[in-house]
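Visitor: The structure follows.
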Amino acid sequence: MSIVLDEDNTEDSSELRVSILEELGTKKHRAITRTDRLIYILKKPANFLREKFSPGSMKSSIFNILASTMGAGILLLPYAVNLAGFYFGIILIIIGMMCSLIASQLLIIVAENLGLDTYNMIGERLFGTKMKVFTEISLIISNYGAAVTFLVLLKSLVPLILKRIGTDNDVLQSEYLWGCIITLFIVFPLCLFKQMTSLKYTSTICFFSLVYLCFAITFTFFSMRFGSCGERISEATEMKTSWTVFEVFPIIIFAFTSQPYALPIYEELQRKTTTRGFKVLNRSLGMALGLYLLIGIFGYLTFYKEYSTLDFPDEILNGDYENGNVVMILATCATLAIALTGCPLSFYPCRQAIFSFVWGEKPVSSKNHMFITAIMLLSAMGISLAIPNIRVIVTVLGSTLSPIVCFILPCWFYIKTFRGKTGKMTLVLCWAIMALASIFGLIGLVVFCVETAGGIN
């Protein structure tokens, strides 16, 4: 097995192809040129976008994977680079992306080979009922934790926005107030959708919000540090040897947890093939890597001289940006949009695992669907109100369940499925990913606990 490189793909779906040819009034079997496509876009832009982003389309799937991958952990990347050192932090982010891509591809290969489309069904086929139960529980807790992370972030963003614009009212600054309002009146309706493709427009919003967030952090670096940009890059610490470096690994692992979403999105993909599934992964994770690097690099360079290693802001938006900075106010609003769109995507696989665990293959009624969603969301809201910041939950998840669900299980499934049929290099790669995810995740958790208790200076 090797990483499948992306190829240029200009083919249109069969429905879009028919629409273009009918609009042009030409033969239905001739090839579509770029000019034909441009004419159709100019004549009927709304139809083109609707068909291009239809449920299960390539672009809809890419946005769904991207929105699922780039969660609340994106704000911790400058902090991770600060702990690891400038160049070593960049290397770790790239390695995290490569491991995530390989694990996702392995998962799709296994699903295609076995003809199954869920973690628990694959686990049951390969290892029996106990693995099915273990997989379901791991998925439920992992994705539930990811949703809690979004809610922890949401409760702090609105007060931060109000602070940036100069509002100091104690009631309006209450994180508990905004946590309840946003969860009940915005997140809950979004979580009621039964299909991930129903969230394709929210995923598009998430994508453009991510792009703006990266632009804002990059632009603000050059505007705040104009005249010393080169000096800051040249004086940045290349690699740090403190024990706190190990705290970086859970953050990186958590940042690339797209695997639970890969299977349902792959199953909804139009004209589903392994090659098309790999293209979705390559493009979405490639874009995620680019955005991660921009935020991690320029967020770190903006403030590393102003803070010590352990005093560096956990979430980059809490950095010492001046109040009234319109660019950063809008960036905080963009992050709010990211959290609002990412939370339902985290709940989806968690809820599906609960349905499978309780009802098996039986269809779930709308009443039970709403009841389970409400219970999940209300309990998650209660937990989120008790957690002070996202670094706590990201580190715990990134060192425990995220390595299991997103790296260890896909590799383990692949080894079991193709035992005796796969090359030695692929086998070594699978074992290496499992070992690294386990060891560094555990060490990261220990270091975080010691550092939190004040044992590391």
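Just remember, in the structure tokens the first chain shown is A, the second B, etc., residues are 1-based per chain, and ligands are 1-based in the order shown.
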Got a sec to tell me which of segment 368-422 of chain A DSSP assigns to helix (DSSP H, G or I), as a VMD selection string?

Guide: chain A and resid 368 to 386 390 to 399 401 to 417

Visitor: Name the residues in contact with Leu301 of chain A at a cut-off of 10 Å, using only C-alpha atoms, excluding same-chain residues fewer than 3 positions from it; report them as a list of chain:residue names.

Guide: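 The residues that qualify are A:Pro78, A:Val81, A:Asn82, A:Phe86, A:Thr218, A:Phe221, A:Phe222, A:Arg225, A:Cys229, A:Arg232, A:Ile233, A:Glu235, A:Ala236, A:Ile295, A:Gly296, A:Ile297, A:Phe298, A:Tyr304, A:Lys305, A:Glu306.
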
Visitor: Take the residues from that selection and put them in a file with N, CA and C atoms, as a PDB file, in the first residue's frame.

Guide:
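Heads up, here's the output in again-v3.pdb:
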```pdb
ATOM      1  N   PRO A  78      -0.451  27.125  17.396  1.00  0.00           N
ATOM      2  CA  PRO A  78       0.667  28.012  17.762  1.00  0.00           C
ATOM      3  C   PRO A  78       1.272  27.641  19.116  1.00  0.00           C
ATOM      4  N   VAL A  81       3.513  24.638  18.502  1.00  0.00           N
ATOM      5  CA  VAL A  81       4.788  25.053  17.905  1.00  0.00           C
ATOM      6  C   VAL A  81       5.664  25.711  18.963  1.00  0.00           C
ATOM      7  N   ASN A  82       5.055  26.481  19.849  1.00  0.00           N
ATOM      8  CA  ASN A  82       5.795  27.112  20.942  1.00  0.00           C
ATOM      9  C   ASN A  82       6.453  26.070  21.850  1.00  0.00           C
ATOM     10  N   PHE A  86      10.237  26.027  16.648  1.00  0.00           N
ATOM     11  CA  PHE A  86       9.695  26.467  15.364  1.00  0.00           C
ATOM     12  C   PHE A  86       9.747  25.370  14.299  1.00  0.00           C
ATOM     13  N   THR A 218      -2.298  35.492   9.808  1.00  0.00           N
ATOM     14  CA  THR A 218      -1.124  35.805   8.985  1.00  0.00           C
ATOM     15  C   THR A 218      -0.990  37.311   8.773  1.00  0.00           C
ATOM     16  N   PHE A 221       0.066  39.192  11.916  1.00  0.00           N
ATOM     17  CA  PHE A 221       1.494  39.043  12.207  1.00  0.00           C
ATOM     18  C   PHE A 221       2.302  40.101  11.465  1.00  0.00           C
ATOM     19  N   PHE A 222       2.047  40.245  10.167  1.00  0.00           N
ATOM     20  CA  PHE A 222       2.816  41.209   9.376  1.00  0.00           C
ATOM     21  C   PHE A 222       2.485  42.649   9.757  1.00  0.00           C
ATOM     22  N   ARG A 225       4.077  43.077  13.533  1.00  0.00           N
ATOM     23  CA  ARG A 225       5.533  42.906  13.622  1.00  0.00           C
ATOM     24  C   ARG A 225       6.239  43.408  12.370  1.00  0.00           C
ATOM     25  N   CYS A 229       9.954  41.089  10.950  1.00  0.00           N
ATOM     26  CA  CYS A 229       9.505  39.751  10.535  1.00  0.00           C
ATOM     27  C   CYS A 229      10.688  38.803  10.347  1.00  0.00           C
ATOM     28  N   ARG A 232      12.357  37.879  13.636  1.00  0.00           N
ATOM     29  CA  ARG A 232      11.592  36.920  14.443  1.00  0.00           C
ATOM     30  C   ARG A 232      11.761  35.496  13.914  1.00  0.00           C
ATOM     31  N   ILE A 233      11.782  35.349  12.594  1.00  0.00           N
ATOM     32  CA  ILE A 233      11.954  34.016  12.013  1.00  0.00           C
ATOM     33  C   ILE A 233      13.347  33.480  12.306  1.00  0.00           C
ATOM     34  N   GLU A 235      15.393  34.259  14.710  1.00  0.00           N
ATOM     35  CA  GLU A 235      15.683  34.065  16.129  1.00  0.00           C
ATOM     36  C   GLU A 235      14.781  33.034  16.800  1.00  0.00           C
ATOM     37  N   ALA A 236      13.842  32.480  16.052  1.00  0.00           N
ATOM     38  CA  ALA A 236      12.940  31.481  16.634  1.00  0.00           C
ATOM     39  C   ALA A 236      13.713  30.219  17.012  1.00  0.00           C
ATOM     40  N   ILE A 295      -1.569  28.904  10.434  1.00  0.00           N
ATOM     41  CA  ILE A 295      -1.967  29.319  11.780  1.00  0.00           C
ATOM     42  C   ILE A 295      -0.872  29.013  12.798  1.00  0.00           C
ATOM     43  N   GLY A 296      -0.299  27.815  12.715  1.00  0.00           N
ATOM     44  CA  GLY A 296       0.741  27.434  13.669  1.00  0.00           C
ATOM     45  C   GLY A 296       1.970  28.314  13.576  1.00  0.00           C
ATOM     46  N   ILE A 297       2.418  28.580  12.350  1.00  0.00           N
ATOM     47  CA  ILE A 297       3.650  29.350  12.145  1.00  0.00           C
ATOM     48  C   ILE A 297       3.468  30.812  12.535  1.00  0.00           C
ATOM     49  N   PHE A 298       2.466  31.464  11.947  1.00  0.00           N
ATOM     50  CA  PHE A 298       2.338  32.910  12.156  1.00  0.00           C
ATOM     51  C   PHE A 298       1.738  33.253  13.519  1.00  0.00           C
ATOM     52  N   TYR A 304       5.902  34.805  20.303  1.00  0.00           N
ATOM     53  CA  TYR A 304       6.841  33.986  21.070  1.00  0.00           C
ATOM     54  C   TYR A 304       7.836  34.821  21.889  1.00  0.00           C
ATOM     55  N   LYS A 305       8.085  36.068  21.483  1.00  0.00           N
ATOM     56  CA  LYS A 305       8.987  36.923  22.266  1.00  0.00           C
ATOM     57  C   LYS A 305       8.272  37.590  23.433  1.00  0.00           C
ATOM     58  N   GLU A 306       6.971  37.648  23.359  1.00  0.00           N
ATOM     59  CA  GLU A 306       6.200  38.335  24.398  1.00  0.00           C
ATOM     60  C   GLU A 306       5.827  37.414  25.562  1.00  0.00           C
TER      61      GLU A 306
END
```

Visitor: In Å, how far is it from atom CA of Lys279 of chain A to atom CA of Val110 of chain A?

Guide: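 According to the coordinates, atom CA of Lys279 of chain A and atom CA of Val110 of chain A are separated by 16.7 Å.
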
Visitor: Name all residues at most 10 Å from Gly145 of chain A (count only C-alpha atoms; drop same-chain ones fewer than 2 positions away) and give them as a PyMOL selection string.

Guide: chain A and resi 139-143+147-151+346-347+350+380+383-384+393-394+396-397+401-402

Visitor: Now that the selection is made, can you save its residues with N, CA and C atoms as an mmCIF file, in the first residue's frame?

Guide:
```cif
data_model
loop_
_atom_site.group_PDB
_atom_site.id
_atom_site.type_symbol
_atom_site.label_atom_id
_atom_site.label_comp_id
_atom_site.auth_asym_id
_atom_site.auth_seq_id
_atom_site.Cartn_x
_atom_site.Cartn_y
_atom_site.Cartn_z
ATOM 1 N N LEU A 139 -15.768 4.928 19.910
ATOM 2 C CA LEU A 139 -16.277 5.953 18.993
ATOM 3 C C LEU A 139 -17.216 6.913 19.703
ATOM 4 N N ILE A 140 -18.086 6.365 20.522
ATOM 5 C CA ILE A 140 -19.045 7.206 21.232
ATOM 6 C C ILE A 140 -18.324 8.220 22.119
ATOM 7 N N ILE A 141 -17.386 7.739 22.929
ATOM 8 C CA ILE A 141 -16.676 8.628 23.859
ATOM 9 C C ILE A 141 -15.787 9.614 23.108
ATOM 10 N N SER A 142 -15.089 9.138 22.066
ATOM 11 C CA SER A 142 -14.171 10.000 21.318
ATOM 12 C C SER A 142 -14.907 11.146 20.638
ATOM 13 N N ASN A 143 -15.961 10.826 19.917
ATOM 14 C CA ASN A 143 -16.692 11.871 19.200
ATOM 15 C C ASN A 143 -17.510 12.741 20.145
ATOM 16 N N ALA A 147 -17.204 16.807 20.456
ATOM 17 C CA ALA A 147 -18.330 17.736 20.497
ATOM 18 C C ALA A 147 -18.264 18.622 21.739
ATOM 19 N N VAL A 148 -17.871 18.045 22.874
ATOM 20 C CA VAL A 148 -17.707 18.834 24.101
ATOM 21 C C VAL A 148 -16.643 19.906 23.901
ATOM 22 N N THR A 149 -15.581 19.552 23.174
ATOM 23 C CA THR A 149 -14.516 20.522 22.896
ATOM 24 C C THR A 149 -15.059 21.735 22.155
ATOM 25 N N PHE A 150 -15.909 21.488 21.159
ATOM 26 C CA PHE A 150 -16.520 22.601 20.426
ATOM 27 C C PHE A 150 -17.385 23.451 21.355
ATOM 28 N N LEU A 151 -18.134 22.809 22.239
ATOM 29 C CA LEU A 151 -19.004 23.560 23.142
ATOM 30 C C LEU A 151 -18.200 24.381 24.143
ATOM 31 N N SER A 346 -19.348 16.341 14.623
ATOM 32 C CA SER A 346 -18.793 15.467 15.657
ATOM 33 C C SER A 346 -19.872 14.592 16.282
ATOM 34 N N PHE A 347 -21.065 15.142 16.407
ATOM 35 C CA PHE A 347 -22.153 14.381 16.998
ATOM 36 C C PHE A 347 -22.631 13.245 16.089
ATOM 37 N N CYS A 350 -20.938 9.811 16.552
ATOM 38 C CA CYS A 350 -21.212 9.419 17.933
ATOM 39 C C CYS A 350 -22.644 8.896 18.054
ATOM 40 N N ALA A 380 -23.535 17.026 27.206
ATOM 41 C CA ALA A 380 -22.293 17.638 26.720
ATOM 42 C C ALA A 380 -22.209 19.099 27.139
ATOM 43 N N ILE A 383 -21.115 19.291 30.813
ATOM 44 C CA ILE A 383 -19.679 19.033 30.974
ATOM 45 C C ILE A 383 -18.857 20.219 30.490
ATOM 46 N N SER A 384 -19.260 20.788 29.350
ATOM 47 C CA SER A 384 -18.492 21.900 28.771
ATOM 48 C C SER A 384 -18.479 23.117 29.685
ATOM 49 N N ILE A 393 -9.262 19.233 27.565
ATOM 50 C CA ILE A 393 -9.955 18.108 26.944
ATOM 51 C C ILE A 393 -9.240 17.632 25.682
ATOM 52 N N VAL A 394 -8.607 18.552 24.939
ATOM 53 C CA VAL A 394 -7.852 18.147 23.749
ATOM 54 C C VAL A 394 -6.687 17.244 24.139
ATOM 55 N N VAL A 396 -6.387 15.361 26.882
ATOM 56 C CA VAL A 396 -6.892 14.073 27.380
ATOM 57 C C VAL A 396 -7.348 13.189 26.222
ATOM 58 N N LEU A 397 -8.133 13.744 25.309
ATOM 59 C CA LEU A 397 -8.604 12.954 24.168
ATOM 60 C C LEU A 397 -7.458 12.578 23.234
ATOM 61 N N LEU A 401 -8.174 8.323 23.636
ATOM 62 C CA LEU A 401 -9.084 7.723 22.662
ATOM 63 C C LEU A 401 -8.763 8.079 21.217
ATOM 64 N N SER A 402 -8.301 9.295 20.961
ATOM 65 C CA SER A 402 -7.991 9.679 19.576
ATOM 66 C C SER A 402 -6.941 8.776 18.940
#
```

Visitor: Val248 of chain A: which residues within 12 Å, counting only C-alpha atoms, same-chain residues fewer than 2 positions away excluded, as a VMD selection string?

Guide: chain A and resid 73 76 to 85 88 to 93 96 240 242 to 246 250 to 255 314 391 394 to 396 398 to 399 440 to 445 447 to 448

Visitor: Could you dump the residues just selected with N, CA and C atoms as a compact mmCIF listing (two decimals), in the first residue's frame?

Guide:
```txt
# COMPACT_ATOMS: atom_id res chain seq x y z
N GLY A 73 -9.11 22.18 17.93
CA GLY A 73 -7.67 22.05 18.14
C GLY A 73 -6.82 22.95 17.29
N LEU A 76 -4.92 25.63 19.06
CA LEU A 76 -3.81 25.24 19.92
C LEU A 76 -2.51 25.04 19.15
N LEU A 77 -2.55 25.11 17.83
CA LEU A 77 -1.35 24.82 17.04
C LEU A 77 -0.21 25.81 17.29
N PRO A 78 -0.45 27.12 17.40
CA PRO A 78 0.67 28.01 17.76
C PRO A 78 1.27 27.64 19.12
N TYR A 79 0.43 27.23 20.05
CA TYR A 79 0.92 26.79 21.36
C TYR A 79 1.77 25.53 21.22
N ALA A 80 1.35 24.62 20.32
CA ALA A 80 2.12 23.40 20.08
C ALA A 80 3.48 23.71 19.47
N VAL A 81 3.51 24.64 18.50
CA VAL A 81 4.79 25.05 17.90
C VAL A 81 5.66 25.71 18.96
N ASN A 82 5.06 26.48 19.85
CA ASN A 82 5.80 27.11 20.94
C ASN A 82 6.45 26.07 21.85
N LEU A 83 5.77 24.98 22.13
CA LEU A 83 6.32 23.94 23.00
C LEU A 83 7.41 23.13 22.32
N ALA A 84 7.24 22.88 21.01
CA ALA A 84 8.18 22.01 20.30
C ALA A 84 9.38 22.76 19.73
N GLY A 85 9.21 24.04 19.46
CA GLY A 85 10.23 24.78 18.72
C GLY A 85 9.74 24.99 17.29
N PHE A 88 10.83 22.15 14.50
CA PHE A 88 10.36 20.84 14.94
C PHE A 88 8.84 20.80 15.00
N GLY A 89 8.22 21.91 15.38
CA GLY A 89 6.77 21.98 15.39
C GLY A 89 6.18 21.82 14.01
N ILE A 90 6.81 22.47 13.01
CA ILE A 90 6.35 22.33 11.63
C ILE A 90 6.46 20.88 11.17
N ILE A 91 7.59 20.25 11.49
CA ILE A 91 7.80 18.84 11.10
C ILE A 91 6.74 17.94 11.73
N LEU A 92 6.40 18.17 12.99
CA LEU A 92 5.41 17.34 13.67
C LEU A 92 4.03 17.49 13.03
N ILE A 93 3.67 18.70 12.63
CA ILE A 93 2.38 18.91 11.98
C ILE A 93 2.32 18.15 10.66
N GLY A 96 2.02 14.45 11.34
CA GLY A 96 0.66 14.15 11.78
C GLY A 96 -0.29 14.03 10.61
N LYS A 240 13.00 22.56 20.89
CA LYS A 240 13.13 22.64 22.33
C LYS A 240 13.29 21.23 22.91
N SER A 242 12.83 20.53 26.27
CA SER A 242 12.12 20.40 27.53
C SER A 242 11.14 19.23 27.47
N TRP A 243 10.78 18.71 28.65
CA TRP A 243 9.79 17.65 28.72
C TRP A 243 8.44 18.10 28.17
N THR A 244 8.20 19.40 28.16
CA THR A 244 6.92 19.90 27.65
C THR A 244 6.75 19.64 26.17
N VAL A 245 7.83 19.27 25.46
CA VAL A 245 7.71 18.91 24.04
C VAL A 245 6.72 17.77 23.87
N PHE A 246 6.69 16.85 24.84
CA PHE A 246 5.81 15.69 24.73
C PHE A 246 4.33 16.07 24.83
N PRO A 250 -0.24 14.93 21.86
CA PRO A 250 -1.70 14.80 21.91
C PRO A 250 -2.42 15.88 21.10
N ILE A 251 -1.86 17.09 21.07
CA ILE A 251 -2.48 18.17 20.30
C ILE A 251 -2.44 17.85 18.81
N ILE A 252 -1.29 17.36 18.32
CA ILE A 252 -1.16 17.01 16.90
C ILE A 252 -2.07 15.84 16.55
N ILE A 253 -2.11 14.83 17.42
CA ILE A 253 -2.98 13.67 17.17
C ILE A 253 -4.43 14.11 17.09
N PHE A 254 -4.86 14.94 18.03
CA PHE A 254 -6.24 15.41 18.04
C PHE A 254 -6.56 16.25 16.80
N ALA A 255 -5.57 16.99 16.31
CA ALA A 255 -5.79 17.89 15.18
C ALA A 255 -6.11 17.14 13.89
N ASP A 314 -2.79 29.43 25.41
CA ASP A 314 -3.24 28.12 24.91
C ASP A 314 -3.95 28.28 23.57
N ARG A 391 -7.72 23.20 25.99
CA ARG A 391 -6.45 22.47 26.07
C ARG A 391 -6.58 21.24 26.97
N VAL A 394 -8.61 18.55 24.94
CA VAL A 394 -7.85 18.15 23.75
C VAL A 394 -6.69 17.24 24.14
N THR A 395 -5.98 17.59 25.20
CA THR A 395 -4.85 16.77 25.64
C THR A 395 -5.30 15.40 26.12
N VAL A 396 -6.39 15.36 26.88
CA VAL A 396 -6.89 14.07 27.38
C VAL A 396 -7.35 13.19 26.22
N GLY A 398 -6.55 13.54 22.99
CA GLY A 398 -5.45 13.29 22.07
C GLY A 398 -4.43 12.29 22.57
N SER A 399 -4.47 11.98 23.85
CA SER A 399 -3.52 11.02 24.40
C SER A 399 -4.17 9.68 24.76
N PHE A 440 3.70 8.10 22.40
CA PHE A 440 3.75 9.55 22.57
C PHE A 440 2.46 10.10 23.15
N GLY A 441 1.34 9.46 22.84
CA GLY A 441 0.09 9.90 23.45
C GLY A 441 0.11 9.72 24.95
N LEU A 442 0.60 8.57 25.41
CA LEU A 442 0.66 8.30 26.84
C LEU A 442 1.65 9.22 27.55
N ILE A 443 2.83 9.40 26.95
CA ILE A 443 3.82 10.30 27.55
C ILE A 443 3.28 11.72 27.62
N GLY A 444 2.58 12.14 26.56
CA GLY A 444 2.00 13.48 26.55
C GLY A 444 1.00 13.68 27.67
N LEU A 445 0.20 12.65 27.95
CA LEU A 445 -0.78 12.75 29.03
C LEU A 445 -0.08 12.88 30.38
N VAL A 447 2.99 14.02 31.03
CA VAL A 447 3.65 15.32 31.13
C VAL A 447 2.64 16.43 31.38
N PHE A 448 1.50 16.35 30.71
CA PHE A 448 0.46 17.36 30.91
C PHE A 448 -0.04 17.35 32.36
```

Visitor: One decimal, in Å: what's the spacing between atom CA of Phe278 of chain A and atom CA of Tyr292 of chain A?

Guide: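 Computing it gives 20.4 Å between the two atoms.
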
Visitor: In Å, how far is it from atom CA of Phe312 of chain A to atom CA of Leu177 of chain A?

Guide: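 Atom CA of Leu177 of chain A lies 27.5 Å from atom CA of Phe312 of chain A.
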
Visitor: Excluding Pro264 of chain A and its own-chain neighbours fewer than 5 positions away, which residues fall within 9 Å of it when counting only C-alpha atoms? Please give them as a list in words.

Guide: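 Residues near the query, excluding close chain neighbours: Asp117, Thr118, Met196, Leu269 and Pro349 of chain A.
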
Visitor: If you count only C-alpha atoms, which residues fall within 12 Å of Phe134 of chain A, apart from same-chain ones fewer than 6 positions away, as a list in words?

Guide: Tyr119, Asn120, Met121, Ile122, Gly123, Glu124, Phe127, Gly128, Ile140, Ile141, Ser142, Ala353, Phe357, Leu401, Ile404, Val405 and Leu409 of chain A

Visitor: If we count only C-alpha atoms and set the cut-off at 12 Å, which residues sit around Tyr266 of chain A, ignoring sequence neighbours fewer than 3 positions away in its own chain? Please answer as a PyMOL selection string.

Guide: chain A and resi 55-58+60-62+64-65+104-105+107-109+111-112+116-118+196-197+258-263+269-281

Visitor: Would you mind exporting N, CA and C atoms of the selected residues as a compact mmCIF listing (two decimals), in the first residue's frame?

Guide:
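Dumped to result_10.txt:
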```
# COMPACT_ATOMS: atom_id res chain seq x y z
N PRO A 55 -25.53 16.33 -2.56
CA PRO A 55 -25.13 15.32 -1.57
C PRO A 55 -24.27 14.23 -2.19
N GLY A 56 -23.12 13.98 -1.57
CA GLY A 56 -22.23 12.94 -2.05
C GLY A 56 -21.31 13.37 -3.18
N SER A 57 -21.37 14.64 -3.59
CA SER A 57 -20.47 15.10 -4.65
C SER A 57 -19.05 15.20 -4.11
N MET A 58 -18.09 15.27 -5.04
CA MET A 58 -16.69 15.34 -4.64
C MET A 58 -16.43 16.56 -3.75
N SER A 60 -18.61 18.45 -2.05
CA SER A 60 -19.33 18.36 -0.78
C SER A 60 -18.60 17.44 0.19
N SER A 61 -18.08 16.33 -0.30
CA SER A 61 -17.36 15.38 0.55
C SER A 61 -16.05 15.98 1.06
N ILE A 62 -15.36 16.72 0.20
CA ILE A 62 -14.11 17.36 0.62
C ILE A 62 -14.37 18.36 1.74
N ASN A 64 -16.87 18.36 3.81
CA ASN A 64 -17.28 17.65 5.02
C ASN A 64 -16.09 17.08 5.77
N ILE A 65 -15.14 16.47 5.04
CA ILE A 65 -13.94 15.94 5.68
C ILE A 65 -13.12 17.07 6.30
N SER A 104 -6.42 6.86 7.21
CA SER A 104 -7.71 7.00 6.54
C SER A 104 -7.78 6.15 5.28
N GLN A 105 -6.69 6.12 4.52
CA GLN A 105 -6.65 5.30 3.32
C GLN A 105 -6.75 3.81 3.67
N LEU A 107 -8.25 2.56 6.19
CA LEU A 107 -9.62 2.31 6.61
C LEU A 107 -10.54 2.13 5.41
N ILE A 108 -10.38 2.97 4.39
CA ILE A 108 -11.20 2.85 3.19
C ILE A 108 -10.90 1.55 2.45
N ILE A 109 -9.63 1.17 2.37
CA ILE A 109 -9.25 -0.08 1.71
C ILE A 109 -9.91 -1.27 2.42
N ALA A 111 -12.63 -1.21 4.36
CA ALA A 111 -14.08 -1.14 4.18
C ALA A 111 -14.49 -1.64 2.80
N GLU A 112 -13.74 -1.26 1.78
CA GLU A 112 -14.03 -1.69 0.41
C GLU A 112 -13.82 -3.19 0.26
N LEU A 116 -18.07 -3.46 4.08
CA LEU A 116 -18.70 -2.91 5.28
C LEU A 116 -18.44 -1.41 5.36
N ASP A 117 -19.29 -0.70 6.11
CA ASP A 117 -19.18 0.76 6.09
C ASP A 117 -19.12 1.42 7.46
N THR A 118 -18.95 0.65 8.52
CA THR A 118 -18.84 1.25 9.85
C THR A 118 -17.71 0.59 10.63
N MET A 196 -25.16 13.32 6.97
CA MET A 196 -24.03 14.26 6.97
C MET A 196 -24.08 15.18 5.76
N THR A 197 -24.62 14.67 4.64
CA THR A 197 -24.67 15.50 3.44
C THR A 197 -25.66 16.65 3.61
N SER A 258 -9.74 12.68 11.52
CA SER A 258 -10.77 12.65 10.48
C SER A 258 -11.30 11.26 10.21
N GLN A 259 -10.67 10.22 10.76
CA GLN A 259 -11.00 8.85 10.40
C GLN A 259 -12.45 8.45 10.70
N PRO A 260 -13.04 8.83 11.85
CA PRO A 260 -14.43 8.43 12.10
C PRO A 260 -15.41 8.98 11.08
N TYR A 261 -15.03 10.08 10.40
CA TYR A 261 -15.92 10.68 9.42
C TYR A 261 -15.65 10.17 8.01
N ALA A 262 -14.51 9.54 7.82
CA ALA A 262 -14.12 9.10 6.47
C ALA A 262 -15.08 8.06 5.92
N LEU A 263 -15.47 7.09 6.75
CA LEU A 263 -16.33 6.01 6.27
C LEU A 263 -17.73 6.48 5.89
N LEU A 269 -20.51 9.00 -1.03
CA LEU A 269 -19.85 9.57 -2.20
C LEU A 269 -20.49 9.05 -3.49
N GLN A 270 -20.79 9.96 -4.41
CA GLN A 270 -21.32 9.57 -5.71
C GLN A 270 -20.27 8.80 -6.51
N ARG A 271 -20.72 7.78 -7.26
CA ARG A 271 -19.81 6.95 -8.07
C ARG A 271 -18.62 6.51 -7.22
N LYS A 272 -18.97 5.90 -6.10
CA LYS A 272 -17.97 5.54 -5.09
C LYS A 272 -16.94 4.55 -5.61
N THR A 273 -15.69 4.94 -5.57
CA THR A 273 -14.56 4.06 -5.85
C THR A 273 -13.45 4.40 -4.87
N THR A 274 -12.52 3.49 -4.70
CA THR A 274 -11.40 3.75 -3.81
C THR A 274 -10.59 4.95 -4.28
N THR A 275 -10.41 5.07 -5.59
CA THR A 275 -9.64 6.18 -6.14
C THR A 275 -10.29 7.52 -5.82
N ARG A 276 -11.62 7.61 -6.00
CA ARG A 276 -12.33 8.85 -5.68
C ARG A 276 -12.28 9.14 -4.18
N GLY A 277 -12.38 8.09 -3.38
CA GLY A 277 -12.28 8.27 -1.94
C GLY A 277 -10.92 8.81 -1.53
N PHE A 278 -9.85 8.30 -2.18
CA PHE A 278 -8.51 8.79 -1.90
C PHE A 278 -8.35 10.24 -2.33
N LYS A 279 -8.97 10.61 -3.44
CA LYS A 279 -8.88 12.00 -3.90
C LYS A 279 -9.53 12.95 -2.89
N VAL A 280 -10.67 12.53 -2.34
CA VAL A 280 -11.32 13.34 -1.32
C VAL A 280 -10.39 13.52 -0.12
N LEU A 281 -9.76 12.43 0.32
CA LEU A 281 -8.84 12.50 1.46
C LEU A 281 -7.63 13.36 1.15
```
